[in-house]
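Chemist: My questions will all concern the structure given below.
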Amino acid sequence: MKNIISIGWDSWLKQRKESILLFDSIAAASEIALMLNGQWDGCNGVIIAKCDEVAVNTAAKLLEATWCYQGASKAVLDRLTTDQVLRRYAMGERNFINANLKCAVLASMKLSEINLSYALLSWANLSQANLSKADLTAADLSQANLNGADLSKAYLMRTNLTKANLQKASLRGANLSRANLTEVNLTDADLTGANLSLADLRGAKFHFCNLSGVNLTDAKLIESDLDFALQ
């Protein structure tokens, strides 16, 4: 019994010695993990044993980055400019998790396979943008303009698309499971083969929308809204 307690105590102490830090960019997290001999998680997190806040602050200042502990009451959500996103994307970066791009203008931009999961994109202009295979899991795209956007095979699980404009958008093969699509405009959109299981579609406009092969299992919708859809 004593050995079991000892093992549990040692495990707890080990966990307490490790800190998980979140930075405002993927690049900063990668660099600081190298500088402080930490473990980069591939996104914006760094695991550091026996965190020295002075060292972290010094490294963050050198890289003009901000940070917080994982679980802090205020998440790191520094606003990104359109130019910053495009420059970093052109350099090969794809991870923009938790980015603040509210009201950003990214119309007609080529951003295929970008990772904007958990990002703030409400009121953003993404019309005609190429977001094929993009990861927008749990992102906030409420009232965003996605008119004519290419979202084919995109990941939109639990994404908030309330009142978004998706007219003429391509969502072929997209995963919209559990997404919030209340009052979204899907006029002339192509949803061929999309997954809309458990999605909230109440009040959505489906006029001339292609719903061939769509998975609507347990989706919330008003059946009369589907009257003008192409099935």
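Starting from 1 in every chain, residues are counted up; chains themselves are A, B, ... following the order of the structure tokens, and ligands are numbered from 1 as listed.
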How would you write, as a ChimeraX atom specification, the set of residues in stretch 191-224 of chain A that DSSP gives as strand (DSSP E or B)?

Modeler: /A:195,200,205,210,215,220

Chemist: Which residues come within 9 Å of A:Gly203, counting only C-alpha atoms, excluding same-chain residues fewer than 3 positions away, as a short mmCIF file (atom, residue, chain, number, x, y, z; two decimals) with N, CA, C and O atoms, in the first residue's frame?

Modeler:
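Wrote around38.cif, looks like this:
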```cif
data_model
loop_
_atom_site.label_atom_id
_atom_site.label_comp_id
_atom_site.auth_asym_id
_atom_site.auth_seq_id
_atom_site.Cartn_x
_atom_site.Cartn_y
_atom_site.Cartn_z
N LEU A 181 -25.45 25.89 -38.35
CA LEU A 181 -25.75 26.54 -39.62
C LEU A 181 -27.11 27.24 -39.58
O LEU A 181 -27.78 27.38 -40.60
N THR A 182 -27.51 27.70 -38.42
CA THR A 182 -28.81 28.37 -38.30
C THR A 182 -28.82 29.65 -39.14
O THR A 182 -27.89 30.45 -39.09
N GLU A 183 -29.87 29.77 -39.93
CA GLU A 183 -30.11 30.94 -40.78
C GLU A 183 -28.98 31.20 -41.78
O GLU A 183 -28.79 32.31 -42.25
N VAL A 184 -28.23 30.16 -42.14
CA VAL A 184 -27.17 30.31 -43.13
C VAL A 184 -27.79 30.36 -44.53
O VAL A 184 -28.84 29.77 -44.77
N LEU A 221 -33.52 20.44 -38.45
CA LEU A 221 -33.94 21.26 -39.58
C LEU A 221 -35.46 21.29 -39.69
O LEU A 221 -36.16 20.46 -39.11
N ILE A 222 -35.94 22.26 -40.43
CA ILE A 222 -37.36 22.38 -40.73
C ILE A 222 -37.51 21.85 -42.16
O ILE A 222 -36.95 22.42 -43.10
N ASP A 225 -37.88 23.79 -45.33
CA ASP A 225 -36.75 24.56 -45.86
C ASP A 225 -36.08 23.85 -47.02
O ASP A 225 -35.34 24.46 -47.81
#
```

Chemist: Using only C-alpha atoms, which of the listed residues (A:Leu211, A:Leu216, A:Leu146, A:Ala189) sits closest to A:Ser177?

Modeler: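 Counting only C-alpha atoms, the residue closest to A:Ser177 is A:Leu216.
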
Chemist: Given only C-alpha atoms as the basis, pick out the residue of A:Gly148, A:Gln143, A:Ser132, A:Ala27 nearest to A:Ala107.

Modeler: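 Distance minimum relative to A:Ala107 lands on A:Gly148.
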
Chemist: Compile the contact shell of A:Leu34 as a list in words: residues with an atom at most 12 Å away, counting only C-alpha atoms, same-chain residues fewer than 4 positions apart removed.

Modeler: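 Once the adjacent positions are removed, what remains is Ala27, Ala28, Ala29, Ser30, Gly38, Gln39, Trp40, Asp41, Val46, Ile47, Ile48, Val56 and Ala59 of chain A.
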
Chemist: Within stretch 13-177 of chain A, find each residue whose DSSP state, derived from the backbone, is helix (DSSP H, G or I), and express the selection as a PyMOL selection string.

Modeler: chain A and resi 13-17+26-35+53-62+82-90
